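A.B. asks: The file below is structure_36.txt, compact mmCIF, C-alpha atoms:
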# COMPACT_ATOMS: atom_id res chain seq x y z
CA MET A 1 231.04 48.30 130.24
CA LYS A 2 232.16 44.96 128.91
CA VAL A 3 233.92 44.00 125.68
CA LEU A 4 232.72 40.79 124.04
CA THR A 5 234.69 38.97 121.38
CA VAL A 6 232.13 37.65 118.95
CA GLU A 7 233.72 36.67 115.58
CA ARG A 8 230.50 35.66 113.84
CA LYS A 9 230.23 35.65 110.09
CA VAL A 10 227.70 38.20 108.90
CA LEU A 11 226.50 36.03 106.02
CA LYS A 12 226.54 32.81 108.03
CA LYS A 13 222.79 32.26 107.69
CA ASN A 14 223.03 32.57 103.92
CA ASP A 15 226.09 30.29 103.84
CA ASP A 16 224.30 27.68 105.98
CA ILE A 17 221.26 27.62 103.70
CA ALA A 18 223.54 27.51 100.65
CA ALA A 19 225.23 24.45 102.16
CA GLU A 20 221.80 22.84 102.62
CA ASN A 21 220.98 23.60 98.99
CA ARG A 22 224.30 22.16 97.84
CA ALA A 23 223.69 18.95 99.78
CA ARG A 24 220.17 18.72 98.37
CA PHE A 25 221.43 19.18 94.79
CA ALA A 26 224.17 16.61 95.31
CA ALA A 27 221.69 14.09 96.71
CA ALA A 28 219.57 14.59 93.59
CA ASN A 29 222.64 14.21 91.30
CA LEU A 30 221.81 17.61 89.91
CA THR A 31 224.22 20.16 88.46
CA VAL A 32 223.28 23.76 89.21
CA LEU A 33 224.66 26.81 87.45
CA ASN A 34 224.39 30.39 88.69
CA LEU A 35 224.44 32.84 85.76
CA LEU A 36 225.78 36.27 86.67
CA SER A 37 226.26 39.43 84.66
CA SER A 38 225.50 43.11 84.47
CA PRO A 39 222.08 43.99 83.02
CA GLY A 40 222.00 43.50 79.26
CA ALA A 41 225.00 41.20 78.83
CA GLY A 42 222.71 38.52 77.43
CA LYS A 43 222.02 36.06 80.23
CA THR A 44 218.44 35.37 79.14
CA THR A 45 219.29 35.17 75.45
CA LEU A 46 222.11 32.73 76.17
CA LEU A 47 219.70 30.71 78.28
CA GLU A 48 217.12 30.70 75.48
CA ARG A 49 219.65 29.44 72.91
CA THR A 50 220.83 26.85 75.43
CA LEU A 51 217.31 25.59 76.10
CA GLU A 52 216.66 25.46 72.36
CA LYS A 53 219.58 23.03 72.01
CA LEU A 54 219.09 20.96 75.14
CA ALA A 55 215.43 21.09 76.20
CA GLY A 56 214.22 18.11 74.17
CA ARG A 57 217.06 15.84 75.25
CA TYR A 58 217.58 16.65 78.91
CA ARG A 59 215.42 17.56 81.85
CA LEU A 60 216.07 21.22 82.60
CA ALA A 61 214.62 23.85 84.89
CA VAL A 62 215.21 27.54 85.43
CA VAL A 63 214.99 29.93 88.37
CA GLU A 64 214.72 33.51 87.14
CA GLY A 65 215.73 36.35 89.44
CA ASP A 66 214.64 39.87 88.60
CA VAL A 67 213.95 43.09 90.44
CA GLN A 68 210.59 43.39 88.74
CA THR A 69 208.43 41.71 86.03
CA ASP A 70 208.11 38.11 84.96
CA ASN A 71 209.21 38.96 81.41
CA ASP A 72 212.19 36.61 81.53
CA ALA A 73 210.18 33.70 82.88
CA ARG A 74 207.72 34.17 80.03
CA ARG A 75 210.60 34.04 77.55
CA ILE A 76 211.90 30.84 79.13
CA ALA A 77 208.50 29.14 79.36
CA ARG A 78 208.27 29.16 75.55
CA TYR A 79 210.84 26.38 75.55
CA ASN A 80 208.57 24.12 77.57
CA VAL A 81 210.89 24.21 80.53
CA PRO A 82 209.60 24.60 84.08
CA VAL A 83 210.55 28.02 85.38
CA VAL A 84 210.08 29.87 88.65
CA GLN A 85 210.30 33.63 88.65
CA VAL A 86 211.60 35.23 91.83
CA ILE A 87 210.91 38.95 92.01
CA THR A 88 213.20 40.67 94.49
CA ARG A 89 211.29 43.98 94.50
CA GLY A 90 214.39 46.10 94.60
CA GLY A 91 216.75 43.49 96.04
CA CYS A 92 219.94 43.49 94.00
CA HIS A 93 220.79 39.79 94.24
CA LEU A 94 219.36 36.35 94.98
CA GLU A 95 219.98 34.82 98.39
CA ALA A 96 220.17 31.13 99.26
CA ASP A 97 216.80 31.06 101.04
CA LEU A 98 215.03 32.45 97.96
CA VAL A 99 216.58 29.69 95.87
CA GLN A 100 215.61 27.10 98.47
CA ASP A 101 211.98 28.23 98.29
CA ALA A 102 212.05 28.48 94.51
CA VAL A 103 213.43 24.97 93.92
CA ALA A 104 210.77 23.50 96.20
CA ASN A 105 208.58 23.84 93.09
CA PHE A 106 210.66 21.29 91.19
CA ASN A 107 211.18 17.60 91.64
CA LEU A 108 214.98 17.84 91.75
CA GLU A 109 215.48 14.09 91.36
CA GLU A 110 213.90 14.33 87.94
CA LEU A 111 216.17 17.09 86.64
CA ASP A 112 219.53 16.95 84.87
CA LEU A 113 220.46 20.61 84.94
CA LEU A 114 219.18 23.66 86.79
CA PHE A 115 219.98 27.22 85.75
CA ILE A 116 219.65 30.10 88.18
CA GLU A 117 219.63 33.42 86.39
CA ASN A 118 220.69 35.94 89.01
CA VAL A 119 219.63 39.58 89.13
CA GLY A 120 221.62 41.59 86.58
CA ASN A 121 224.40 43.00 88.74
CA LEU A 122 228.15 42.42 88.82
CA VAL A 123 228.61 43.46 92.44
CA CYS A 124 226.31 42.10 95.12
CA PRO A 125 225.61 38.55 93.89
CA ALA A 126 229.33 37.79 94.32
CA ASN A 127 228.88 37.74 98.10
CA TYR A 128 225.96 35.32 98.16
CA ASP A 129 226.55 31.62 97.76
CA LEU A 130 223.37 29.93 96.53
CA GLY A 131 224.57 26.34 96.72
CA GLU A 132 225.33 26.16 93.00
CA ALA A 133 228.14 24.02 91.60
CA TRP A 134 229.22 26.59 89.02
CA LYS A 135 229.22 30.35 88.94
CA VAL A 136 229.21 31.51 85.33
CA VAL A 137 229.97 35.20 84.77
CA ILE A 138 228.84 36.62 81.43
CA ILE A 139 230.29 39.76 79.91
CA SER A 140 229.61 41.13 76.46
CA THR A 141 231.63 42.97 73.86
CA THR A 142 229.43 46.04 74.18
CA GLU A 143 230.77 46.51 77.68
CA GLY A 144 234.31 47.57 78.51
CA GLU A 145 237.00 44.88 78.34
CA ASP A 146 238.09 46.12 81.78
CA LYS A 147 234.95 44.73 83.46
CA PRO A 148 237.09 42.16 85.33
CA LEU A 149 239.24 44.95 86.76
CA LYS A 150 236.24 47.00 87.80
CA TYR A 151 234.34 44.11 89.39
CA PRO A 152 237.07 41.76 90.62
CA PRO A 153 235.08 39.96 93.37
CA MET A 154 232.69 38.55 90.79
CA PHE A 155 235.51 37.24 88.60
CA ARG A 156 237.32 35.84 91.61
CA VAL A 157 234.36 33.69 92.68
CA ALA A 158 233.47 32.53 89.14
CA GLN A 159 234.83 29.38 87.52
CA VAL A 160 233.56 30.10 84.03
CA CYS A 161 233.45 33.29 81.96
CA VAL A 162 231.29 33.63 78.86
CA ILE A 163 232.15 36.51 76.55
CA ASN A 164 228.94 37.15 74.62
CA LYS A 165 228.10 39.23 71.51
CA ILE A 166 231.30 38.38 69.62
CA ASP A 167 229.35 39.03 66.41
CA LEU A 168 229.66 42.73 67.30
CA LEU A 169 233.47 42.69 67.63
CA PRO A 170 234.04 44.52 64.30
CA TYR A 171 231.90 47.41 65.52
CA VAL A 172 233.12 47.87 69.09
CA ASP A 173 236.44 48.67 70.75
CA PHE A 174 236.55 45.47 72.77
CA ASN A 175 239.91 43.73 72.95
CA LEU A 176 239.15 40.06 73.48
CA SER A 177 242.62 38.96 74.51
CA ARG A 178 242.96 41.85 76.94
CA ALA A 179 239.61 40.95 78.53
CA ARG A 180 240.82 37.38 78.99
CA GLU A 181 244.14 38.57 80.36
CA TYR A 182 242.44 40.86 82.91
CA ALA A 183 240.06 38.14 83.99
CA ARG A 184 242.81 35.53 84.31
CA GLY A 185 244.82 38.02 86.36
CA ILE A 186 241.96 37.92 88.85
CA GLN A 187 241.20 34.20 88.60
CA PRO A 188 243.90 32.15 86.82
CA ASP A 189 241.72 29.04 86.40
CA LEU A 190 238.83 30.80 84.71
CA GLN A 191 237.48 28.83 81.77
CA PHE A 192 236.31 30.92 78.78
CA PHE A 193 233.60 30.55 76.17
CA GLU A 194 233.46 33.19 73.46
CA LEU A 195 230.19 33.19 71.60
CA SER A 196 227.29 35.08 70.15
CA ALA A 197 223.99 33.97 71.61
CA ARG A 198 222.31 35.90 68.79
CA THR A 199 224.05 34.30 65.78
CA GLY A 200 224.95 31.01 67.45
CA GLU A 201 228.67 31.42 66.70
CA GLY A 202 230.75 29.65 69.34
CA LEU A 203 227.68 28.22 71.01
CA ASP A 204 228.62 24.58 70.35
CA ALA A 205 231.57 24.61 72.77
CA TRP A 206 229.30 25.93 75.53
CA ILE A 207 226.64 23.31 74.78
CA ASP A 208 229.26 20.53 74.69
CA TRP A 209 230.55 21.65 78.05
CA LEU A 210 227.04 21.57 79.56
CA GLU A 211 226.35 18.13 78.10
CA ASN A 212 229.59 16.93 79.56
CA LEU A 213 228.50 18.22 82.98
CA ILE A 214 225.25 16.27 82.66
CA ARG A 215 227.13 13.13 81.69
CA GLN A 216 229.36 13.57 84.72
CA ASN A 217 226.47 13.86 87.16
CA PRO A 218 227.15 13.67 90.06
CA PRO A 219 229.00 16.84 89.30
CA ASP A 220 232.71 17.36 89.03
CA SER A 221 231.81 20.81 90.15
CA GLY A 222 233.49 24.16 90.18
CA SER A 223 233.13 24.25 93.93
CA THR A 224 234.76 20.88 94.55
CA ARG A 225 237.64 21.03 92.10
CA LYS A 226 240.90 22.60 93.18
CA PRO A 227 240.69 26.29 92.44
CA GLY A 228 243.50 28.56 91.31
CA ILE A 229 242.77 30.69 94.31
CA GLU A 230 242.23 28.78 97.51
CA LYS A 231 239.72 30.43 99.78
CA GLN A 232 240.79 31.29 103.27
CA GLN A 233 239.25 29.07 105.91
CA MET B 1 214.09 36.46 104.33
CA PHE B 2 210.34 36.77 103.93
CA VAL B 3 208.92 35.32 100.76
CA ASP B 4 205.41 36.03 99.67
CA LYS B 5 204.05 32.60 98.93
CA SER B 6 201.07 33.77 96.95
CA LEU B 7 201.90 32.21 93.62
CA PHE B 8 200.66 33.35 90.29
CA PHE B 9 200.36 30.83 87.53
CA PHE B 10 200.86 31.64 83.89
CA THR B 11 201.18 29.88 80.56
CA PHE B 12 200.24 26.19 80.96
CA GLY B 13 201.23 26.29 84.61
CA LEU B 14 204.88 26.21 83.64
CA ILE B 15 205.77 29.54 85.13
CA LYS B 16 205.41 30.03 88.79
CA MET B 17 206.09 33.48 90.02
CA TYR B 18 206.56 34.86 93.40
CA ALA B 19 207.60 38.11 94.76
CA HIS B 20 209.92 38.59 97.62
CA SER B 21 209.82 41.76 99.62
CA GLY B 22 212.89 42.51 101.68
CA LYS B 23 211.98 43.09 105.29
CA ASN B 24 212.68 46.79 105.19
CA GLY B 25 212.66 47.13 101.46
CA VAL B 26 216.14 45.83 100.68
CA HIS B 27 217.59 47.86 97.83
CA MET B 28 221.25 47.13 98.08
CA HIS B 29 223.24 44.38 99.61
CA GLU B 30 224.73 46.70 102.25
CA MET B 31 221.19 46.89 103.61
CA SER B 32 220.93 43.14 103.83
CA VAL B 33 224.43 43.01 105.38
CA ALA B 34 223.36 45.64 107.94
CA GLN B 35 220.26 43.58 108.77
CA SER B 36 222.39 40.50 109.35
CA ILE B 37 224.71 42.50 111.63
CA VAL B 38 221.74 43.73 113.66
CA GLN B 39 220.45 40.14 113.97
CA ILE B 40 223.82 38.95 115.25
CA VAL B 41 224.04 41.83 117.74
CA GLU B 42 220.55 41.09 119.03
CA GLU B 43 221.39 37.39 119.40
CA VAL B 44 224.53 38.17 121.37
CA LEU B 45 222.74 40.68 123.60
CA GLN B 46 220.18 38.03 124.44
CA GLU B 47 222.74 35.27 125.01
CA GLN B 48 224.85 37.47 127.25
CA ASN B 49 221.88 39.01 129.01
CA ALA B 50 223.29 42.43 128.23
CA ARG B 51 221.07 45.49 128.15
CA LYS B 52 222.60 47.80 125.67
CA VAL B 53 225.25 47.78 122.98
CA LEU B 54 227.59 50.75 122.75
CA LYS B 55 229.90 49.73 119.98
CA VAL B 56 229.80 47.12 117.20
CA VAL B 57 233.08 46.25 115.50
CA VAL B 58 232.78 44.64 112.07
CA LYS B 59 235.72 43.34 110.05
CA VAL B 60 235.38 43.86 106.32
CA GLY B 61 238.01 42.26 104.10
CA GLU B 62 239.33 44.26 101.18
CA LEU B 63 238.10 41.61 98.74
CA VAL B 64 234.50 41.77 99.94
CA ALA B 65 232.17 43.94 97.89
CA VAL B 66 230.88 46.09 100.73
CA VAL B 67 231.08 49.88 100.69
CA PRO B 68 231.81 51.13 104.24
CA GLU B 69 229.89 54.41 103.78
CA SER B 70 226.82 52.56 102.49
CA LEU B 71 227.02 50.08 105.33
CA GLN B 72 227.19 52.93 107.88
CA PHE B 73 224.24 54.62 106.23
CA CYS B 74 222.15 51.44 106.23
CA TYR B 75 223.08 50.59 109.81
CA ARG B 76 222.00 54.07 110.96
CA ALA B 77 218.79 53.84 108.95
CA ILE B 78 217.63 50.51 110.38
CA THR B 79 218.76 51.03 113.99
CA GLU B 80 217.32 54.51 114.43
CA GLY B 81 214.71 54.50 117.14
CA THR B 82 215.62 50.96 118.26
CA GLU B 83 217.68 49.74 121.19
CA LEU B 84 220.70 49.78 118.89
CA GLY B 85 219.97 53.38 117.96
CA ASN B 86 222.87 54.99 119.80
CA SER B 87 225.42 52.30 119.11
CA GLU B 88 228.52 53.08 117.12
CA LEU B 89 229.37 50.91 114.13
CA VAL B 90 233.11 50.59 113.65
CA ILE B 91 234.21 49.10 110.33
CA GLU B 92 237.69 47.62 110.43
CA PRO B 93 239.11 47.05 106.97
CA VAL B 94 241.21 43.91 106.61
CA PRO B 95 243.96 44.13 103.98
CA VAL B 96 244.57 41.17 101.69
CA ARG B 97 247.35 38.72 102.50
CA ALA B 98 248.07 35.76 100.31
CA GLN B 99 250.50 32.87 100.15
CA CYS B 100 251.97 31.86 96.83
CA LEU B 101 251.32 28.17 96.15
CA GLU B 102 254.34 28.05 93.87
CA CYS B 103 257.16 29.62 95.92
CA GLY B 104 255.45 29.44 99.29
CA ARG B 105 256.04 33.03 100.29
CA ASP B 106 253.47 35.37 101.86
CA PHE B 107 252.72 38.69 100.24
CA SER B 108 250.34 41.63 100.13
CA PRO B 109 248.99 41.60 96.59
CA GLU B 110 248.24 44.64 94.53
CA VAL B 111 244.50 44.16 94.46
CA PRO B 112 242.70 43.18 92.25
CA PHE B 113 245.55 41.02 90.91
CA LEU B 114 246.62 38.29 93.28
CA VAL B 115 249.97 37.75 91.60
CA CYS B 116 253.04 36.80 93.64
CA PRO B 117 255.57 39.65 93.51
CA HIS B 118 258.44 37.19 94.12
CA CYS B 119 257.90 34.57 91.41
CA ARG B 120 254.95 36.06 89.42
CA GLY B 121 252.92 32.94 90.25
CA GLY B 122 249.15 33.28 89.95
CA ARG B 123 248.17 30.36 92.16
CA VAL B 124 247.61 31.65 95.63
CA LYS B 125 246.00 30.80 98.91
CA LEU B 126 244.17 33.69 100.52
CA LEU B 127 245.21 34.19 104.12
CA GLN B 128 243.02 37.20 104.82
CA GLY B 129 240.92 39.81 103.05
CA GLN B 130 237.63 37.93 102.67
CA GLU B 131 236.29 38.61 106.16
CA LEU B 132 232.81 39.88 106.75
CA GLN B 133 232.16 39.31 110.41
CA VAL B 134 231.03 40.92 113.61
CA SER B 135 234.21 40.72 115.64
CA GLN B 136 233.54 42.58 118.87
CA LEU B 137 230.79 44.22 120.87
CA GLU B 138 231.01 46.72 123.70
CA VAL B 139 227.98 46.29 125.90
CA GLU B 140 226.49 47.72 129.05
CA GLU B 141 225.70 45.01 131.55
Can the structure from this file be put into structure tokens for me?
C.D. replies:
Amino acid sequence: MKVLTVERKVLKKNDDIAAENRARFAAANLTVLNLLSSPGAGKTTLLERTLEKLAGRYRLAVVEGDVQTDNDARRIARYNVPVVQVITRGGCHLEADLVQDAVANFNLEELDLLFIENVGNLVCPANYDLGEAWKVVIISTTEGEDKPLKYPPMFRVAQVCVINKIDLLPYVDFNLSRAREYARGIQPDLQFFELSARTGEGLDAWIDWLENLIRQNPPDSGSTRKPGIEKQQ
Amino acid sequence: MFVDKSLFFFTFGLIKMYAHSGKNGVHMHEMSVAQSIVQIVEEVLQEQNARKVLKVVVKVGELVAVVPESLQFCYRAITEGTELGNSELVIEPVPVRAQCLECGRDFSPEVPFLVCPHCRGGRVKLLQGQELQVSQLEVEE
């Protein structure tokens, strides 16, 4: 019998492909956002409202990740935006190689902004780098304000947190400041947008932020700026 | 991962759709983690010209979203009947250690909050707790 010291990262293959994606996006001066949430928090609706505001003025594209159906891609295609639907057939998250294959359908040099809508899940996608510049976690007021405490890895890797469905605040027991406090306890540099994708309230700040990202291309990205929590090497 | 390249075109050719089927029907990320572990073990066996693996030690940091029981289950499920079938998977949890970027001291945070117990600073550097790696193999030569 022999003992071998190995020390190989389990997700190295994914990380390597994510690094390739990141380099490819940077070479194309393209900002990429990875939208993450539990099912039903409003990722697709937020994306629809965003495309409504930006589609005519900027060159956008969308990668949709779902376990099954192309329903979301059909919703997105109404805005005249190129969209690729990736169906994971049970897989609970997108991986970097799926994104690499999906974006091969776009001419990245001719895009300003690419959205990746991950599979609705607050757990698994946290482990998989896709090569995006920004991870945006979306929670909604119909969920518990303790979501950050229950799913800390996702909030730790995110740079931006959207709190959606604020139009429902009078009807639900969601404490906005406590949600922010919990999330900042996990990731002190988290940037917040509070909005209702349905009514449009608060949407302008989000749109302004996205336009600013486009103007700053090449990206001053979430992954290159100094984070509140430095990752171990 | 295998991607079915048969594309379906819808609505003015704007939507492209393709389906991806996980090699063994991936239904949770522990399954995909288990598959990556098996790949690494197979690579090492080949590199080292070893016949059989007896024990696989995997370090899992406390901050990584991997459930040890699920990982064990998935590892058993995909190695059964293969050359890794009788190997033991040992999951070594790695507790979180952090260094406060404000006062410079090391501490073990009360997860999930990575707040310095000495100065209450929230800016930290993670020293350990994010590992997900195959650390050691016991093999038969």
A.B. asks: Using all atoms listed in the file, pick whichever of B:Ile78, B:Met31, B:Leu63, B:Ile91 has the shortest atom-to-atom distance to chain A.
C.D. replies: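 Checking each candidate against chain A, we get B:Leu63 as the closest.
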A.B. asks: May I ask you to extract the residues of chain A within 8 Å of chain B, using only C-alpha atoms, and to give them as a VMD selection string?
C.D. replies: chain A and resid 1 to 11 70 73 to 74 77 80 to 93 97 to 98 123 to 124 126 to 127 149 152 to 153 185 to 186 188 228 to 232
A.B. asks: Once 8 Å is added on each side, what are the centre and the three edge lengths, in Å to one decimal, of the axis-aligned box enclosing the listed atoms of stretch 188-205 of chain A? Present them as lines of an AutoDock Vina configuration file.
C.D. replies:
center_x = 233.1
center_y = 30.2
center_z = 76.3
size_x = 37.6
size_y = 27.3
size_z = 37.0
A.B. asks: To one decimal in Å, tell me the separation between atom CA of A:Gln159 and atom CA of A:Phe192.
C.D. replies: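 Those two atoms sit 9.0 Å apart.
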A.B. asks: Do you have the atom CA of A:Arg180-atom CA of B:Gly104 distance handy?
C.D. replies: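 Atom CA of B:Gly104 lies at a distance of 26.3 Å from atom CA of A:Arg180.
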A.B. asks: In Å, rounded to a single decimal, give me how far atom CA of A:Thr69 is from atom CA of A:Ser196.
C.D. replies: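 If I compute the distance from atom CA of A:Ser196 to atom CA of A:Thr69, I get 25.5 Å.
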A.B. asks: For the point (237.7, 36.7, 84.8) in the file's frame, write as a ChimeraX atom specification all residues with an atom no more than 10 Å away, counting all atoms listed in the file.
C.D. replies: /A:136-139,146-149,151-163,179-192
A.B. asks: A:Asn29, A:Asn21, A:Thr45, A:Asn107: which is nearest A:Leu203, counting only C-alpha atoms?
C.D. replies: A:Thr45
A.B. asks: Excluding A:Arg198 and its own-chain neighbours fewer than 4 positions away, which residues fall within 10 Å of it when counting only C-alpha atoms? Please give them as a tab-separated table (two decimals) with C-alpha atoms, in the frame of the given file.
C.D. replies:
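The result, stored in selection-v5.tsv:
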chain	number	residue	atom	x	y	z
A	42	GLY	CA	222.71	38.52	77.43
A	45	THR	CA	219.29	35.17	75.45
A	46	LEU	CA	222.11	32.73	76.17
A	48	GLU	CA	217.12	30.70	75.48
A	49	ARG	CA	219.65	29.44	72.91
A	164	ASN	CA	228.94	37.15	74.62
A	165	LYS	CA	228.10	39.23	71.51
A	166	ILE	CA	231.30	38.38	69.62
A	167	ASP	CA	229.35	39.03	66.41
A	203	LEU	CA	227.68	28.22	71.01
A.B. asks: Pick out the residues sitting within 9 Å of A:Leu54, and hand them over as a count of residues only; count all atoms listed in the file, and ignore anything fewer than 5 positions along from it in its own chain.
C.D. replies: 5
